[in-house]
file protein.cif (mmCIF, C-alpha atoms)
data_entry
loop_
_atom_site.group_PDB
_atom_site.id
_atom_site.type_symbol
_atom_site.label_atom_id
_atom_site.label_comp_id
_atom_site.auth_asym_id
_atom_site.auth_seq_id
_atom_site.Cartn_x
_atom_site.Cartn_y
_atom_site.Cartn_z
ATOM 1 C CA MET D 1 90.164 122.314 93.720
ATOM 2 C CA SER D 2 87.262 119.935 93.834
ATOM 3 C CA ALA D 3 88.685 116.682 92.488
ATOM 4 C CA ALA D 4 91.982 114.923 92.018
ATOM 5 C CA PRO D 5 93.957 116.092 88.979
ATOM 6 C CA GLU D 6 93.612 114.142 85.746
ATOM 7 C CA ARG D 7 95.909 111.094 85.724
ATOM 8 C CA GLU D 8 97.796 112.396 82.669
ATOM 9 C CA ALA D 9 98.817 115.556 84.515
ATOM 10 C CA TRP D 10 99.340 113.674 87.762
ATOM 11 C CA ARG D 11 101.820 111.192 86.261
ATOM 12 C CA PRO D 12 104.023 112.903 83.664
ATOM 13 C CA GLU D 13 106.610 110.894 81.746
ATOM 14 C CA ALA D 14 109.401 113.318 82.704
ATOM 15 C CA ILE D 15 110.107 116.647 84.386
ATOM 16 C CA VAL D 16 113.354 118.245 83.223
ATOM 17 C CA GLY D 17 115.562 120.538 85.291
ATOM 18 C CA ARG D 18 119.048 121.980 84.958
ATOM 19 C CA LEU D 19 120.754 119.317 87.117
ATOM 20 C CA VAL D 20 118.248 116.464 87.151
ATOM 21 C CA ILE D 21 115.586 114.777 85.078
ATOM 22 C CA LEU D 22 112.672 113.214 86.930
ATOM 23 C CA ARG D 23 111.216 110.181 85.157
ATOM 24 C CA ARG D 24 108.615 107.593 85.955
ATOM 25 C CA HIS D 25 110.143 104.593 87.669
ATOM 26 C CA ARG D 26 110.725 101.357 85.784
ATOM 27 C CA THR D 27 110.788 97.885 87.317
ATOM 28 C CA GLU D 28 114.576 97.651 86.874
ATOM 29 C CA ASN D 29 114.935 100.517 89.392
ATOM 30 C CA LEU D 30 114.148 97.974 92.115
ATOM 31 C CA ARG D 31 117.875 97.070 92.223
ATOM 32 C CA ALA D 32 118.744 100.641 93.212
ATOM 33 C CA PHE D 33 115.975 100.703 95.856
ATOM 34 C CA ILE D 34 117.345 97.515 97.422
ATOM 35 C CA LYS D 35 120.799 99.088 97.553
ATOM 36 C CA TRP D 36 119.584 102.413 98.962
ATOM 37 C CA TYR D 37 117.109 101.148 101.548
ATOM 38 C CA SER D 38 119.496 98.423 102.738
ATOM 39 C CA ASP D 39 122.034 101.160 103.541
ATOM 40 C CA PRO D 40 122.209 102.005 107.278
ATOM 41 C CA GLU D 41 122.879 105.718 106.616
ATOM 42 C CA VAL D 42 119.885 106.052 104.286
ATOM 43 C CA ALA D 43 117.774 104.224 106.883
ATOM 44 C CA ARG D 44 119.044 106.604 109.581
ATOM 45 C CA LEU D 45 117.857 109.617 107.591
ATOM 46 C CA THR D 46 114.544 108.248 106.300
ATOM 47 C CA ARG D 47 113.110 105.645 108.684
ATOM 48 C CA TYR D 48 111.687 105.709 112.195
ATOM 49 C CA GLN D 49 113.176 102.274 112.779
ATOM 50 C CA GLN D 50 116.919 102.114 113.321
ATOM 51 C CA THR D 51 117.483 99.220 110.953
ATOM 52 C CA PRO D 52 117.443 99.177 107.146
ATOM 53 C CA LEU D 53 114.621 97.482 105.274
ATOM 54 C CA SER D 54 115.011 93.829 104.290
ATOM 55 C CA HIS D 55 115.069 93.007 100.576
ATOM 56 C CA GLU D 56 111.525 91.627 100.868
ATOM 57 C CA GLU D 57 110.295 94.837 102.552
ATOM 58 C CA VAL D 58 111.913 96.946 99.835
ATOM 59 C CA GLN D 59 110.226 94.844 97.135
ATOM 60 C CA ARG D 60 106.804 95.192 98.764
ATOM 61 C CA PHE D 61 107.305 98.955 99.150
ATOM 62 C CA PHE D 62 108.546 99.335 95.572
ATOM 63 C CA TYR D 63 105.675 97.491 93.897
ATOM 64 C CA ALA D 64 102.905 98.827 96.164
ATOM 65 C CA ARG D 65 103.950 102.447 96.365
ATOM 66 C CA VAL D 66 106.581 103.353 93.809
ATOM 67 C CA MET D 67 104.964 101.463 90.942
ATOM 68 C CA GLY D 68 101.435 101.744 92.358
ATOM 69 C CA SER D 69 98.847 104.264 91.240
ATOM 70 C CA ASP D 70 98.288 106.008 94.583
ATOM 71 C CA PHE D 71 101.718 107.684 94.610
ATOM 72 C CA LEU D 72 103.367 109.927 92.061
ATOM 73 C CA ALA D 73 106.871 108.496 92.378
ATOM 74 C CA MET D 74 109.603 109.812 90.098
ATOM 75 C CA ALA D 75 113.141 108.542 89.594
ATOM 76 C CA ILE D 76 115.807 111.232 89.983
ATOM 77 C CA HIS D 77 118.484 111.034 87.273
ATOM 78 C CA ASP D 78 121.640 113.130 86.983
ATOM 79 C CA ARG D 79 120.945 115.085 83.801
ATOM 80 C CA ASP D 80 124.553 114.959 82.551
ATOM 81 C CA THR D 81 125.070 111.212 82.961
ATOM 82 C CA ASP D 82 121.492 109.850 83.178
ATOM 83 C CA ARG D 83 122.583 107.973 86.323
ATOM 84 C CA LEU D 84 119.748 107.054 88.703
ATOM 85 C CA ILE D 85 120.577 108.764 92.016
ATOM 86 C CA GLY D 86 117.325 108.907 93.966
ATOM 87 C CA THR D 87 113.567 108.986 94.158
ATOM 88 C CA CYS D 88 110.884 111.496 95.069
ATOM 89 C CA ALA D 89 107.131 111.196 95.420
ATOM 90 C CA PHE D 90 103.804 112.716 96.296
ATOM 91 C CA SER D 91 101.482 110.678 98.480
ATOM 92 C CA GLN D 92 98.126 111.263 100.125
ATOM 93 C CA LEU D 93 96.812 113.476 97.352
ATOM 94 C CA ASP D 94 93.767 115.252 98.754
ATOM 95 C CA GLY D 95 91.998 116.790 95.784
ATOM 96 C CA ASP D 96 89.188 118.216 97.909
ATOM 97 C CA ASN D 97 91.652 120.293 99.923
ATOM 98 C CA GLY D 98 94.394 120.684 97.310
ATOM 99 C CA SER D 99 97.182 119.108 99.327
ATOM 100 C CA THR D 100 99.771 116.356 99.147
ATOM 101 C CA LEU D 101 102.765 115.004 101.071
ATOM 102 C CA PHE D 102 106.251 115.098 99.551
ATOM 103 C CA HIS D 103 108.998 112.495 100.043
ATOM 104 C CA ILE D 104 112.551 112.371 98.682
ATOM 105 C CA THR D 105 115.599 110.147 99.021
ATOM 106 C CA ILE D 106 118.939 110.702 97.325
ATOM 107 C CA GLY D 107 120.213 107.159 97.634
ATOM 108 C CA GLU D 108 123.678 107.558 96.145
ATOM 109 C CA HIS D 109 126.056 108.970 98.782
ATOM 110 C CA ASP D 110 128.339 110.621 96.242
ATOM 111 C CA ALA D 111 125.339 112.616 94.967
ATOM 112 C CA TRP D 112 124.716 114.208 98.388
ATOM 113 C CA GLY D 113 125.445 117.909 98.748
ATOM 114 C CA HIS D 114 125.445 118.761 95.020
ATOM 115 C CA GLY D 115 122.008 120.380 94.756
ATOM 116 C CA TYR D 116 120.240 117.418 93.137
ATOM 117 C CA GLY D 117 117.753 117.026 95.984
ATOM 118 C CA THR D 118 117.048 120.749 96.116
ATOM 119 C CA GLU D 119 116.316 120.889 92.395
ATOM 120 C CA ALA D 120 114.208 117.706 92.433
ATOM 121 C CA THR D 121 112.177 119.183 95.301
ATOM 122 C CA ALA D 122 111.722 122.476 93.430
ATOM 123 C CA LEU D 123 110.613 120.636 90.270
ATOM 124 C CA MET D 124 108.039 118.607 92.182
ATOM 125 C CA VAL D 125 106.717 121.686 93.983
ATOM 126 C CA GLU D 126 106.371 123.488 90.654
ATOM 127 C CA HIS D 127 104.536 120.456 89.268
ATOM 128 C CA ALA D 128 102.161 120.491 92.261
ATOM 129 C CA PHE D 129 101.253 124.148 91.935
ATOM 130 C CA ALA D 130 101.665 125.043 88.248
ATOM 131 C CA ARG D 131 100.346 121.837 86.670
ATOM 132 C CA LEU D 132 98.205 120.091 89.269
ATOM 133 C CA GLY D 133 96.672 123.222 90.772
ATOM 134 C CA LEU D 134 97.288 122.118 94.350
ATOM 135 C CA HIS D 135 97.337 124.575 97.244
ATOM 136 C CA ARG D 136 99.693 122.953 99.779
ATOM 137 C CA VAL D 137 102.680 120.601 99.748
ATOM 138 C CA ALA D 138 103.789 119.272 103.133
ATOM 139 C CA LEU D 139 106.595 117.054 104.405
ATOM 140 C CA SER D 140 108.236 115.754 107.560
ATOM 141 C CA VAL D 141 111.964 115.649 108.270
ATOM 142 C CA PHE D 142 114.037 114.597 111.252
ATOM 143 C CA GLU D 143 115.711 117.440 113.125
ATOM 144 C CA PHE D 144 119.204 115.938 112.693
ATOM 145 C CA ASN D 145 118.909 115.959 108.886
ATOM 146 C CA ALA D 146 120.265 119.493 108.511
ATOM 147 C CA ARG D 147 121.175 119.075 104.828
ATOM 148 C CA ALA D 148 117.564 118.180 103.920
ATOM 149 C CA ILE D 149 116.152 121.019 106.024
ATOM 150 C CA ARG D 150 118.383 123.543 104.216
ATOM 151 C CA ALA D 151 117.276 122.164 100.837
ATOM 152 C CA TYR D 152 113.598 122.439 101.770
ATOM 153 C CA GLN D 153 114.089 126.005 103.041
ATOM 154 C CA LYS D 154 115.821 126.977 99.769
ATOM 155 C CA VAL D 155 112.725 125.836 97.890
ATOM 156 C CA GLY D 156 110.460 127.842 100.231
ATOM 157 C CA PHE D 157 109.192 125.326 102.774
ATOM 158 C CA VAL D 158 108.595 126.768 106.238
ATOM 159 C CA GLU D 159 108.391 125.002 109.550
ATOM 160 C CA GLU D 160 104.834 124.722 110.788
ATOM 161 C CA GLY D 161 105.256 122.467 113.811
ATOM 162 C CA ARG D 162 107.165 119.714 115.534
ATOM 163 C CA ALA D 163 106.535 116.335 117.012
ATOM 164 C CA ARG D 164 108.802 116.828 120.005
ATOM 165 C CA GLN D 165 111.440 114.174 120.711
ATOM 166 C CA ALA D 166 109.721 111.764 118.319
ATOM 167 C CA ILE D 167 112.768 109.776 117.228
ATOM 168 C CA LEU D 168 115.726 108.229 119.046
ATOM 169 C CA ARG D 169 118.996 108.466 117.121
ATOM 170 C CA ASP D 170 122.620 108.617 118.147
ATOM 171 C CA GLY D 171 121.748 108.176 121.819
ATOM 172 C CA ARG D 172 119.323 111.102 122.086
ATOM 173 C CA TYR D 173 115.804 112.120 121.157
ATOM 174 C CA TRP D 174 115.182 114.448 118.210
ATOM 175 C CA ASP D 175 112.135 116.331 116.953
ATOM 176 C CA GLU D 176 110.311 115.476 113.762
ATOM 177 C CA ILE D 177 109.813 118.781 111.931
ATOM 178 C CA HIS D 178 106.690 119.397 109.858
ATOM 179 C CA MET D 179 107.123 121.822 106.967
ATOM 180 C CA SER D 180 104.954 123.061 104.129
ATOM 181 C CA ILE D 181 104.792 125.474 101.238
ATOM 182 C CA LEU D 182 101.591 127.057 99.954
ATOM 183 C CA ALA D 183 100.781 127.989 96.371
ATOM 184 C CA PRO D 184 100.702 131.768 97.079
ATOM 185 C CA GLU D 185 104.138 131.538 98.751
ATOM 186 C CA TRP D 186 105.546 129.626 95.795
ATOM 187 C CA GLU D 187 104.031 132.109 93.353
ATOM 188 C CA ALA D 188 105.467 135.091 95.280
ATOM 189 C CA ARG D 189 108.945 133.517 95.201
ATOM 190 C CA ARG D 190 108.608 132.846 91.473
ATOM 191 C CA VAL D 191 107.593 136.456 90.746
ATOM 192 C CA ARG D 192 110.594 137.821 92.702
ATOM 193 C CA ARG D 193 113.067 135.870 90.535
#

call {"tool": "encode", "arguments": {"input": "protein.cif", "output": "structure tokens"}}
result
Amino acid sequence: MSAAPEREAWRPEAIVGRLVILRRHRTENLRAFIKWYSDPEVARLTRYQQTPLSHEEVQRFFYARVMGSDFLAMAIHDRDTDRLIGTCAFSQLDGDNGSTLFHITIGEHDAWGHGYGTEATALMVEHAFARLGLHRVALSVFEFNARAIRAYQKVGFVEEGRARQAILRDGRYWDEIHMSILAPEWEARRVRR
């Protein structure tokens, strides 16, 4: 891949799955972001700092990254109810090397453990490889976030390294795990199904 994908392909209006629909974010989604990123448990799972973001920090993040053009940020909606339950994104698109970083947050606690995050991750990975022609999708996750690690493994991500004892939580140090999936691995999994 020699250049970044066309903006039309990069930023679809929607990606539809069995459990979730991924849609472009709208400005009114800021309310949900303030709720999610002000939540101490969401902060524990997603931030290096031990405190939640302030409302002003959430606003800056939302307008610069979520609504900005350098990220592909998609709102995660429960397909049955259309309820907004989370967000996922690609950042650091490297068209020359065919790679990107993946991020996801399921912000609504009652949506945890129902497969929404796994499916949203799978939909984004499929978008990266089948539509954007990328070669590698990478992510980082804290070692104590076992639910997220299982979801990533179900989609086909493999551990490729660790930043040892990179984060202090719950009175001890934990590793930050680096994972990735490559296009040939994704394709092989798709063929086996």

call {"tool": "resolve_selection", "arguments": {"input": "protein.cif", "expression": "the PyMOL selection byres ((chain D and resi 157) around 12)", "output": "PyMOL selection string"}}
result
chain D and resi 102+118+121-122+125+136-141+148-156+158-160+177-183+185-186+189

call {"tool": "closest_residue", "arguments": {"input": "protein.cif", "among": "D:Arg190, D:His114, D:Arg44, D:Arg60", "to": "Phe144 (chain D)", "atoms": "only C-alpha atoms"}}
result
D:Arg44

call {"tool": "residues_around", "arguments": {"input": "protein.cif", "residues": "region 67-84 of chain D", "least_positions_apart": "4", "cutoff": "10 Å", "atoms": "all atoms listed in the file", "output": "NGL selection string"}}
result
:D and (7 or 10-27 or 29-30 or 32 or 61-63 or 88-93 or 100-108 or 111 or 116-117 or 119-120 or 124)

call {"tool": "atom_distance", "arguments": {"input": "protein.cif", "atom1": "CA of Gly113 (chain D)", "atom2": "CA of Glu41 (chain D)"}}
result
14.7 Å

call {"tool": "atom_distance", "arguments": {"input": "protein.cif", "atom1": "CA of Glu28 (chain D)", "atom2": "CA of Arg147 (chain D)"}}
result
28.7 Å

call {"tool": "resolve_selection", "arguments": {"input": "protein.cif", "expression": "the PyMOL selection byres ((chain D and resi 51) around 10)", "output": "PyMOL selection string"}}
result
chain D and resi 37-44+47-50+52-54

call {"tool": "write_last_selection", "arguments": {"input": "protein.cif", "atoms": "C-alpha atoms", "output": "PDB file, keeping the file's coordinate frame"}}
result
ATOM      1  CA  TYR D  37     117.109 101.148 101.548  1.00  0.00           C
ATOM      2  CA  SER D  38     119.496  98.423 102.738  1.00  0.00           C
ATOM      3  CA  ASP D  39     122.034 101.160 103.541  1.00  0.00           C
ATOM      4  CA  PRO D  40     122.209 102.005 107.278  1.00  0.00           C
ATOM      5  CA  GLU D  41     122.879 105.718 106.616  1.00  0.00           C
ATOM      6  CA  VAL D  42     119.885 106.052 104.286  1.00  0.00           C
ATOM      7  CA  ALA D  43     117.774 104.224 106.883  1.00  0.00           C
ATOM      8  CA  ARG D  44     119.044 106.604 109.581  1.00  0.00           C
ATOM      9  CA  ARG D  47     113.110 105.645 108.684  1.00  0.00           C
ATOM     10  CA  TYR D  48     111.687 105.709 112.195  1.00  0.00           C
ATOM     11  CA  GLN D  49     113.176 102.274 112.779  1.00  0.00           C
ATOM     12  CA  GLN D  50     116.919 102.114 113.321  1.00  0.00           C
ATOM     13  CA  PRO D  52     117.443  99.177 107.146  1.00  0.00           C
ATOM     14  CA  LEU D  53     114.621  97.482 105.274  1.00  0.00           C
ATOM     15  CA  SER D  54     115.011  93.829 104.290  1.00  0.00           C
TER      16      SER D  54
END

call {"tool": "resolve_selection", "arguments": {"input": "protein.cif", "expression": "the PyMOL selection byres ((chain D and resi 173) around 12)", "output": "PyMOL selection string"}}
result
chain D and resi 48+142-144+163-172+174-176

call {"tool": "atom_distance", "arguments": {"input": "protein.cif", "atom1": "CA of Ala188 (chain D)", "atom2": "CA of Arg162 (chain D)"}}
result
25.5 Å

call {"tool": "residues_around", "arguments": {"input": "protein.cif", "residues": "His135 (chain D)", "least_positions_apart": "6", "cutoff": "8 Å", "atoms": "all atoms listed in the file", "output": "ChimeraX atom specification"}}
result
/D:97-99,129,182-184

call {"tool": "write_last_selection", "arguments": {"input": "protein.cif", "atoms": "C-alpha atoms", "output": "compact mmCIF listing (two decimals), in the frame of the given file"}}
result
# COMPACT_ATOMS: atom_id res chain seq x y z
CA ASN D 97 91.65 120.29 99.92
CA GLY D 98 94.39 120.68 97.31
CA SER D 99 97.18 119.11 99.33
CA PHE D 129 101.25 124.15 91.94
CA LEU D 182 101.59 127.06 99.95
CA ALA D 183 100.78 127.99 96.37
CA PRO D 184 100.70 131.77 97.08
